[in-house]
Amino acid sequence: MKCIQADYVKIFRCDGKICNSRCCRDWQVPLDDDAIKNFSELEEDEREKIFSNFLQVDENSQAIKLTSKNKCSFLDEDFLCKIQKRHGENFLPAICQTYPRVIYKLDEEIFLQSMTLTCPVAARLILLREDKIFFEQAENFSGRMIIDFAKKISRSAEEFLNLQSSAIKILQDRNFSINHRLKKLCEYFGAKIFSDFDEERHAAELVEIFSEMYSANLNSQGKKTLCRNYLATYKNLLAQMEQNFSYILENYLVNEFFMRCYPCAFKGDELLNCKIFVTGFKVLQFALILTTIANKNFTVGELIKLVCAVNDTLDHSKGGMDAIKNFARNCDDKNFSALMIES
């Protein structure tokens with residue numbers, strides 16, 4: 001068995017004091033069989049105390065109860081987990097023991113391990129490094145939750161890894177701007193790029209996607225106002241971001257590409273997946289511009305917070321990723337080039 005992992009995985013340490021235990025509130029943690037078995041073998045008093053905080057969700061599943069403040073019952077006052085402090089990480093439910101790691105199985109012998117940017121601690125570790133993310137081979141992986149990806153790729157695992165590695169090299173080529181790297185990425189996956197970028201249509205489409213993602217139900221005047229504000233500032237603001245934070249934008253792109261298993265993340269061919277990937281990044285840029293306009297300033301802290309929020313929407317909101325996928329599926333090369341690839 002071999003596990004290809006991003007180098008930051010081995011450095012990560014959960015610290016609820018930094019993020020106010022963001023992942024330990026507002027949702028019920030499902031219990032897997034291994035966790036229940038571990039808890040069942042504890043001494044009677046501790047076992048009963050732990051089991052009293054379980055909730056029967058249905059006939060076949062249990063979850064951890066939330067407190068009146070919507071926090072996990074086992075979250076301590078120091079923002080750390082009582083179970084982990086007493087018994088170690090492997091005693092936790094599978095989702096807690098794994099998160100924010102993301103593990104894919106490509107075949108019986110090859111696995112990928114990365115981390116999601118919905119965790120603020122992981123996001124800082126991944127995004128704020130100025131050196132390039134690199135990938136290494138490990139003998140094992142850290143989490144119990146594994147996404148079986150073998151049936152989603154039409155290529156062999158080795159072919160997929162070579163394809164993904166070539167794409168990531170394009171994204172990490174600092175001889176080119178971020179936008180030019182995205183153009184080269186599209187061309188690598190077979191897109192024909194036209195030199196007819198239409199910034200007004202670009203802004204209007206981003207407003208439509210953003211509105212659908214967040215169920216904003218904006219009227220025509222509201223959409224026009226957003227477009228106008230975006231178009232008035234986006235070139236200067238994106239230039240400033242690239243000048244000051246190009247390594248952050250690069251790290252975001254590389255992590256997303258690896259973590260979601262592009263170019264096979266979603267049903268469809270590799271070019272469609274590339275369009276989904278690029279559109280997702282353009283939506284993030286759009287959110288960054290709107291946030292900067294609203295705050296009249298832009299800081300690294302705001303960027304981290306926004307990245308976590310946008311990725312939360314993509315991962316957990318019903319319409320989040322659907323809005324991006326629907327746009328990409330309905331967009332031929334000529335329209336995609338005009339709307340998402342700046343000349």
# chains A, B, ... in the order shown; residues from 1 in each chain; ligands from 1
$ select_by_dssp --residues "segment 30-233 of chain A" --states "strand (DSSP E)" --output "list of chain:residue names"
A:Phe54, A:Leu55, A:Gln56, A:Val57, A:Asp58, A:Ser61, A:Gln62, A:Ala63, A:Ile64, A:Arg101, A:Val102, A:Ile103, A:Tyr104, A:Lys105, A:Ile110, A:Phe111, A:Leu112, A:Gln113, A:Ser114, A:Met115, A:Phe135, A:Glu136, A:Gln137, A:Ala138, A:Ile147, A:Asp148
$ closest_atom_pairs --of "segment 67-144 of chain A" --to "segment 19-36 of chain A" --cutoff "8 Å" --atoms "only C-alpha atoms" --output "tab-separated table"
residue	atom	partner	partner_atom	distance
A:Asn70	CA	A:Asp26	CA	5.1
A:Lys71	CA	A:Arg25	CA	4.1
A:Cys72	CA	A:Cys24	CA	5.5
A:Leu75	CA	A:Cys24	CA	7.0
A:Phe79	CA	A:Ser21	CA	5.6
A:Leu80	CA	A:Ser21	CA	7.2
A:Phe91	CA	A:Ala35	CA	6.1
A:Leu92	CA	A:Ala35	CA	6.1
A:Pro93	CA	A:Ala35	CA	5.0
A:Ala94	CA	A:Asp32	CA	6.3
A:Ile95	CA	A:Val29	CA	7.5
A:Cys96	CA	A:Val29	CA	7.8
A:Cys119	CA	A:Cys23	CA	7.5
A:Pro120	CA	A:Cys19	CA	6.2
A:Val121	CA	A:Cys19	CA	6.8
$ write_last_selection --atoms "N, CA and C atoms" --output "CSV table (one decimal), in the first residue's frame"
chain,number,residue,atom,x,y,z
A,70,ASN,N,-25.8,24.2,21.2
A,70,ASN,CA,-25.5,23.5,19.9
A,70,ASN,C,-24.0,23.1,19.8
A,71,LYS,N,-23.4,22.8,21.0
A,71,LYS,CA,-22.1,22.3,21.0
A,71,LYS,C,-22.1,20.8,21.2
A,72,CYS,N,-21.0,20.1,20.7
A,72,CYS,CA,-20.9,18.7,21.0
A,72,CYS,C,-20.8,18.5,22.5
A,75,LEU,N,-17.3,18.5,24.1
A,75,LEU,CA,-16.4,19.7,24.0
A,75,LEU,C,-16.2,20.3,25.3
A,79,PHE,N,-12.0,24.2,24.7
A,79,PHE,CA,-12.3,24.0,23.3
A,79,PHE,C,-11.6,22.7,22.7
A,80,LEU,N,-11.3,21.8,23.6
A,80,LEU,CA,-10.7,20.5,23.2
A,80,LEU,C,-11.7,19.4,23.5
A,91,PHE,N,-9.8,6.9,19.5
A,91,PHE,CA,-11.0,6.6,20.2
A,91,PHE,C,-12.2,7.4,19.6
A,92,LEU,N,-11.9,8.4,18.9
A,92,LEU,CA,-13.0,9.3,18.4
A,92,LEU,C,-13.9,8.6,17.3
A,93,PRO,N,-15.1,9.1,17.1
A,93,PRO,CA,-15.9,8.7,15.9
A,93,PRO,C,-15.1,8.9,14.7
A,94,ALA,N,-15.3,8.1,13.7
A,94,ALA,CA,-14.5,8.2,12.4
A,94,ALA,C,-14.4,9.6,11.8
A,95,ILE,N,-15.5,10.3,11.8
A,95,ILE,CA,-15.5,11.6,11.1
A,95,ILE,C,-14.7,12.6,11.9
A,96,CYS,N,-14.7,12.5,13.3
A,96,CYS,CA,-13.9,13.4,14.1
A,96,CYS,C,-12.4,13.0,14.0
A,119,CYS,N,-11.6,23.8,7.5
A,119,CYS,CA,-11.0,24.0,8.8
A,119,CYS,C,-10.1,25.2,8.9
A,120,PRO,N,-10.3,26.1,9.7
A,120,PRO,CA,-9.4,27.3,9.8
A,120,PRO,C,-8.0,27.0,10.1
A,121,VAL,N,-7.7,26.0,10.9
A,121,VAL,CA,-6.3,25.7,11.3
A,121,VAL,C,-5.6,25.1,10.1
$ closest_residue --among "A:Tyr214, A:Phe12, A:Phe194, A:Phe149" --to "Asp312 of chain A" --atoms "only C-alpha atoms"
A:Tyr214
$ residues_around --residues "Arg144 of chain A" --least-positions-apart "2" --cutoff "9 Å" --atoms "only C-alpha atoms" --output "list in words"
Asn90, Pro93, Ala94, Ile95, Gln97, Thr98, Ile103, Phe141, Ser142 and Ile146 of chain A
$ write_last_selection --atoms "N, CA, C and O atoms" --output "JSON list (two decimals), in the first residue's frame"
[["chain", "number", "residue", "atom", "x", "y", "z"],
["A", 90, "ASN", "N", -7.59, 8.01, 18.23],
["A", 90, "ASN", "CA", -8.19, 6.81, 17.63],
["A", 90, "ASN", "C", -9.47, 6.37, 18.31],
["A", 90, "ASN", "O", -10.18, 5.50, 17.80],
["A", 93, "PRO", "N", -15.09, 9.13, 17.12],
["A", 93, "PRO", "CA", -15.86, 8.70, 15.95],
["A", 93, "PRO", "C", -15.05, 8.94, 14.69],
["A", 93, "PRO", "O", -14.23, 9.87, 14.62],
["A", 94, "ALA", "N", -15.30, 8.15, 13.65],
["A", 94, "ALA", "CA", -14.47, 8.18, 12.44],
["A", 94, "ALA", "C", -14.39, 9.57, 11.82],
["A", 94, "ALA", "O", -13.32, 10.02, 11.39],
["A", 95, "ILE", "N", -15.52, 10.29, 11.79],
["A", 95, "ILE", "CA", -15.51, 11.60, 11.15],
["A", 95, "ILE", "C", -14.66, 12.60, 11.93],
["A", 95, "ILE", "O", -13.96, 13.43, 11.35],
["A", 97, "GLN", "N", -12.15, 11.71, 13.97],
["A", 97, "GLN", "CA", -10.77, 11.23, 13.91],
["A", 97, "GLN", "C", -10.10, 11.57, 12.58],
["A", 97, "GLN", "O", -8.89, 11.74, 12.52],
["A", 98, "THR", "N", -10.89, 11.70, 11.54],
["A", 98, "THR", "CA", -10.35, 11.95, 10.20],
["A", 98, "THR", "C", -10.28, 13.44, 9.86],
["A", 98, "THR", "O", -9.27, 13.92, 9.36],
["A", 103, "ILE", "N", -9.41, 11.49, 2.57],
["A", 103, "ILE", "CA", -8.67, 10.31, 2.09],
["A", 103, "ILE", "C", -9.45, 9.64, 0.97],
["A", 103, "ILE", "O", -10.63, 9.32, 1.13],
["A", 141, "PHE", "N", -2.08, 6.13, 6.22],
["A", 141, "PHE", "CA", -2.83, 7.39, 6.32],
["A", 141, "PHE", "C", -3.44, 7.48, 7.71],
["A", 141, "PHE", "O", -3.50, 6.51, 8.46],
["A", 142, "SER", "N", -3.92, 8.69, 8.05],
["A", 142, "SER", "CA", -4.27, 8.98, 9.43],
["A", 142, "SER", "C", -5.73, 8.74, 9.80],
["A", 142, "SER", "O", -6.05, 8.58, 10.98],
["A", 146, "ILE", "N", -12.79, 6.78, 4.55],
["A", 146, "ILE", "CA", -12.12, 6.69, 3.26],
["A", 146, "ILE", "C", -13.17, 6.74, 2.15],
["A", 146, "ILE", "O", -14.16, 6.03, 2.19]]
$ residues_around --residues "Glu242 of chain A" --least-positions-apart "6" --cutoff "8 Å" --atoms "only C-alpha atoms" --output "list in words"
Ser177, Ile178 and Leu249 of chain A
$ write_last_selection --atoms "all heavy atoms" --output "PDB file, in the first residue's frame"
ATOM      1  N   SER A 177       1.081  34.394 -14.611  1.00  0.00           N
ATOM      2  CA  SER A 177       0.042  34.873 -13.697  1.00  0.00           C
ATOM      3  C   SER A 177      -0.926  33.740 -13.383  1.00  0.00           C
ATOM      4  O   SER A 177      -0.984  32.729 -14.092  1.00  0.00           O
ATOM      5  CB  SER A 177      -0.717  36.039 -14.326  1.00  0.00           C
ATOM      6  OG  SER A 177      -1.498  35.562 -15.430  1.00  0.00           O
ATOM      7  N   ILE A 178      -1.722  33.929 -12.333  1.00  0.00           N
ATOM      8  CA  ILE A 178      -2.725  32.929 -11.965  1.00  0.00           C
ATOM      9  C   ILE A 178      -3.693  32.704 -13.116  1.00  0.00           C
ATOM     10  O   ILE A 178      -4.018  31.564 -13.477  1.00  0.00           O
ATOM     11  CB  ILE A 178      -3.490  33.361 -10.695  1.00  0.00           C
ATOM     12  CG1 ILE A 178      -2.561  33.402  -9.470  1.00  0.00           C
ATOM     13  CG2 ILE A 178      -4.668  32.418 -10.440  1.00  0.00           C
ATOM     14  CD1 ILE A 178      -1.997  32.069  -9.040  1.00  0.00           C
ATOM     15  N   LEU A 249      -3.247  32.299  -3.434  1.00  0.00           N
ATOM     16  CA  LEU A 249      -4.153  31.882  -4.499  1.00  0.00           C
ATOM     17  C   LEU A 249      -3.658  30.584  -5.138  1.00  0.00           C
ATOM     18  O   LEU A 249      -4.450  29.683  -5.439  1.00  0.00           O
ATOM     19  CB  LEU A 249      -4.260  32.990  -5.551  1.00  0.00           C
ATOM     20  CG  LEU A 249      -4.781  34.338  -5.051  1.00  0.00           C
ATOM     21  CD1 LEU A 249      -4.784  35.362  -6.184  1.00  0.00           C
ATOM     22  CD2 LEU A 249      -6.181  34.206  -4.450  1.00  0.00           C
TER      23      LEU A 249
END
$ select_by_dssp --residues "segment 49-89 of chain A" --states "helix (DSSP H, G or I)" --output "JSON, numbers by chain"
{"A": [49, 50, 51, 82, 83, 84, 85, 86, 87, 89]}
$ write_last_selection --atoms "all heavy atoms" --output "CSV table (one decimal), in the first residue's frame"
chain,number,residue,atom,x,y,z
A,49,LYS,N,-21.6,7.1,31.3
A,49,LYS,CA,-21.6,8.6,31.2
A,49,LYS,C,-21.5,9.0,29.7
A,49,LYS,O,-22.2,9.9,29.2
A,49,LYS,CB,-20.4,9.1,32.0
A,49,LYS,CG,-20.4,10.6,32.1
A,49,LYS,CD,-19.4,11.1,33.0
A,49,LYS,CE,-19.4,12.6,33.2
A,49,LYS,NZ,-18.4,13.1,34.1
A,50,ILE,N,-20.6,8.3,28.9
A,50,ILE,CA,-20.5,8.6,27.5
A,50,ILE,C,-21.8,8.2,26.7
A,50,ILE,O,-22.3,9.0,26.0
A,50,ILE,CB,-19.3,7.8,26.9
A,50,ILE,CG1,-18.0,8.4,27.4
A,50,ILE,CG2,-19.3,7.8,25.4
A,50,ILE,CD1,-16.7,7.8,27.0
A,51,PHE,N,-22.3,7.0,27.0
A,51,PHE,CA,-23.5,6.6,26.3
A,51,PHE,C,-24.7,7.4,26.6
A,51,PHE,O,-25.6,7.5,25.8
A,51,PHE,CB,-23.8,5.1,26.6
A,51,PHE,CG,-23.0,4.2,25.7
A,51,PHE,CD1,-21.7,3.9,25.8
A,51,PHE,CD2,-23.7,3.6,24.6
A,51,PHE,CE1,-21.0,3.0,25.0
A,51,PHE,CE2,-23.0,2.7,23.7
A,51,PHE,CZ,-21.7,2.4,24.0
A,82,LYS,N,-13.0,16.1,25.2
A,82,LYS,CA,-12.8,15.3,26.4
A,82,LYS,C,-12.4,13.9,26.1
A,82,LYS,O,-11.5,13.3,26.8
A,82,LYS,CB,-14.1,15.3,27.3
A,82,LYS,CG,-14.5,16.6,27.8
A,82,LYS,CD,-15.8,16.5,28.6
A,82,LYS,CE,-16.3,17.8,29.1
A,82,LYS,NZ,-17.7,17.7,29.7
A,83,ILE,N,-13.0,13.3,25.1
A,83,ILE,CA,-12.7,11.9,24.7
A,83,ILE,C,-11.2,11.8,24.2
A,83,ILE,O,-10.5,10.9,24.6
A,83,ILE,CB,-13.7,11.4,23.7
A,83,ILE,CG1,-15.1,11.3,24.3
A,83,ILE,CG2,-13.2,10.0,23.1
A,83,ILE,CD1,-16.1,10.9,23.3
A,84,GLN,N,-10.9,12.7,23.3
A,84,GLN,CA,-9.5,12.7,22.8
A,84,GLN,C,-8.5,12.9,23.9
A,84,GLN,O,-7.4,12.3,23.9
A,84,GLN,CB,-9.4,13.7,21.7
A,84,GLN,CG,-8.0,13.7,21.0
A,84,GLN,CD,-7.9,14.5,19.8
A,84,GLN,OE1,-8.9,15.0,19.3
A,84,GLN,NE2,-6.7,14.8,19.3
A,85,LYS,N,-8.7,13.9,24.8
A,85,LYS,CA,-7.8,14.2,25.8
A,85,LYS,C,-7.5,12.9,26.7
A,85,LYS,O,-6.4,12.7,27.2
A,85,LYS,CB,-8.2,15.4,26.7
A,85,LYS,CG,-8.1,16.7,25.9
A,85,LYS,CD,-8.2,17.9,26.9
A,85,LYS,CE,-9.5,18.0,27.5
A,85,LYS,NZ,-9.6,19.2,28.4
A,86,ARG,N,-8.6,12.2,26.9
A,86,ARG,CA,-8.5,11.1,27.9
A,86,ARG,C,-8.0,9.8,27.2
A,86,ARG,O,-7.2,9.0,27.8
A,86,ARG,CB,-9.8,10.8,28.5
A,86,ARG,CG,-9.8,9.7,29.6
A,86,ARG,CD,-11.1,9.8,30.4
A,86,ARG,NE,-11.2,8.7,31.4
A,86,ARG,CZ,-10.6,8.7,32.6
A,86,ARG,NH1,-10.0,9.8,33.0
A,86,ARG,NH2,-10.8,7.7,33.4
A,87,HIS,N,-8.4,9.6,25.9
A,87,HIS,CA,-8.2,8.3,25.3
A,87,HIS,C,-7.4,8.3,24.0
A,87,HIS,O,-7.1,7.3,23.4
A,87,HIS,CB,-9.5,7.5,25.1
A,87,HIS,CG,-10.3,7.2,26.3
A,87,HIS,ND1,-9.9,6.3,27.2
A,87,HIS,CD2,-11.4,7.8,26.9
A,87,HIS,CE1,-10.7,6.2,28.3
A,87,HIS,NE2,-11.6,7.2,28.1
A,89,GLU,N,-6.7,10.1,19.9
A,89,GLU,CA,-7.5,10.4,18.7
A,89,GLU,C,-8.2,9.2,18.1
A,89,GLU,O,-9.3,9.3,17.6
A,89,GLU,CB,-6.5,11.0,17.6
A,89,GLU,CG,-7.1,11.5,16.4
A,89,GLU,CD,-6.1,12.1,15.4
A,89,GLU,OE1,-5.4,11.3,14.8
A,89,GLU,OE2,-6.0,13.3,15.3
$ residues_around --residues "Leu171 of chain A" --least-positions-apart "4" --cutoff "8 Å" --atoms "only C-alpha atoms" --output "PyMOL selection string"
chain A and resi 167+178+181-182+185+250+253-254
$ write_last_selection --atoms "all heavy atoms" --output "CSV table (one decimal), in the first residue's frame"
chain,number,residue,atom,x,y,z
A,167,ALA,N,-1.1,18.5,-14.2
A,167,ALA,CA,-1.9,19.7,-14.0
A,167,ALA,C,-1.5,20.6,-12.9
A,167,ALA,O,-1.4,21.8,-13.0
A,167,ALA,CB,-3.4,19.2,-13.7
A,178,ILE,N,-1.7,33.9,-12.3
A,178,ILE,CA,-2.7,32.9,-12.0
A,178,ILE,C,-3.7,32.7,-13.1
A,178,ILE,O,-4.0,31.6,-13.5
A,178,ILE,CB,-3.5,33.4,-10.7
A,178,ILE,CG1,-2.6,33.4,-9.5
A,178,ILE,CG2,-4.7,32.4,-10.4
A,178,ILE,CD1,-2.0,32.1,-9.0
A,181,ARG,N,-2.2,30.7,-15.9
A,181,ARG,CA,-2.0,29.3,-15.5
A,181,ARG,C,-3.4,28.6,-15.7
A,181,ARG,O,-3.4,27.4,-16.2
A,181,ARG,CB,-1.6,29.2,-14.0
A,181,ARG,CG,-0.2,29.7,-13.7
A,181,ARG,CD,0.2,29.5,-12.3
A,181,ARG,NE,0.8,30.7,-11.7
A,181,ARG,CZ,1.3,30.8,-10.5
A,181,ARG,NH1,1.1,29.8,-9.7
A,181,ARG,NH2,1.9,31.9,-10.1
A,182,LEU,N,-4.5,29.2,-15.4
A,182,LEU,CA,-5.8,28.6,-15.6
A,182,LEU,C,-6.1,28.4,-17.1
A,182,LEU,O,-6.7,27.4,-17.5
A,182,LEU,CB,-6.9,29.5,-14.9
A,182,LEU,CG,-6.8,29.6,-13.4
A,182,LEU,CD1,-7.9,30.5,-12.9
A,182,LEU,CD2,-6.9,28.2,-12.7
A,185,LEU,N,-4.1,25.5,-18.1
A,185,LEU,CA,-4.8,24.3,-17.6
A,185,LEU,C,-5.9,23.8,-18.5
A,185,LEU,O,-6.0,22.7,-18.9
A,185,LEU,CB,-5.3,24.5,-16.2
A,185,LEU,CG,-5.8,23.3,-15.5
A,185,LEU,CD1,-4.7,22.4,-15.0
A,185,LEU,CD2,-6.7,23.7,-14.2
A,250,GLU,N,-2.4,30.5,-5.3
A,250,GLU,CA,-1.8,29.3,-5.9
A,250,GLU,C,-2.0,28.1,-5.0
A,250,GLU,O,-2.4,27.0,-5.4
A,250,GLU,CB,-0.3,29.4,-6.1
A,250,GLU,CG,0.4,28.2,-6.5
A,250,GLU,CD,2.0,28.3,-6.5
A,250,GLU,OE1,2.5,29.2,-7.1
A,250,GLU,OE2,2.6,27.5,-5.7
A,253,LEU,N,-5.6,26.9,-5.2
A,253,LEU,CA,-5.8,26.1,-6.4
A,253,LEU,C,-5.3,24.7,-6.4
A,253,LEU,O,-5.9,23.7,-6.7
A,253,LEU,CB,-5.3,26.9,-7.6
A,253,LEU,CG,-6.0,28.1,-8.1
A,253,LEU,CD1,-5.1,28.9,-9.0
A,253,LEU,CD2,-7.3,27.8,-8.7
A,254,VAL,N,-4.0,24.6,-5.9
A,254,VAL,CA,-3.4,23.3,-5.8
A,254,VAL,C,-4.1,22.4,-4.8
A,254,VAL,O,-4.3,21.2,-5.1
A,254,VAL,CB,-1.9,23.5,-5.5
A,254,VAL,CG1,-1.2,22.1,-5.1
A,254,VAL,CG2,-1.1,24.2,-6.6
$ closest_residue --among "A:Ile110, A:Gln137, A:Asp131, A:Gly319" --to "Ala150 of chain A" --atoms "only C-alpha atoms"
A:Ile110
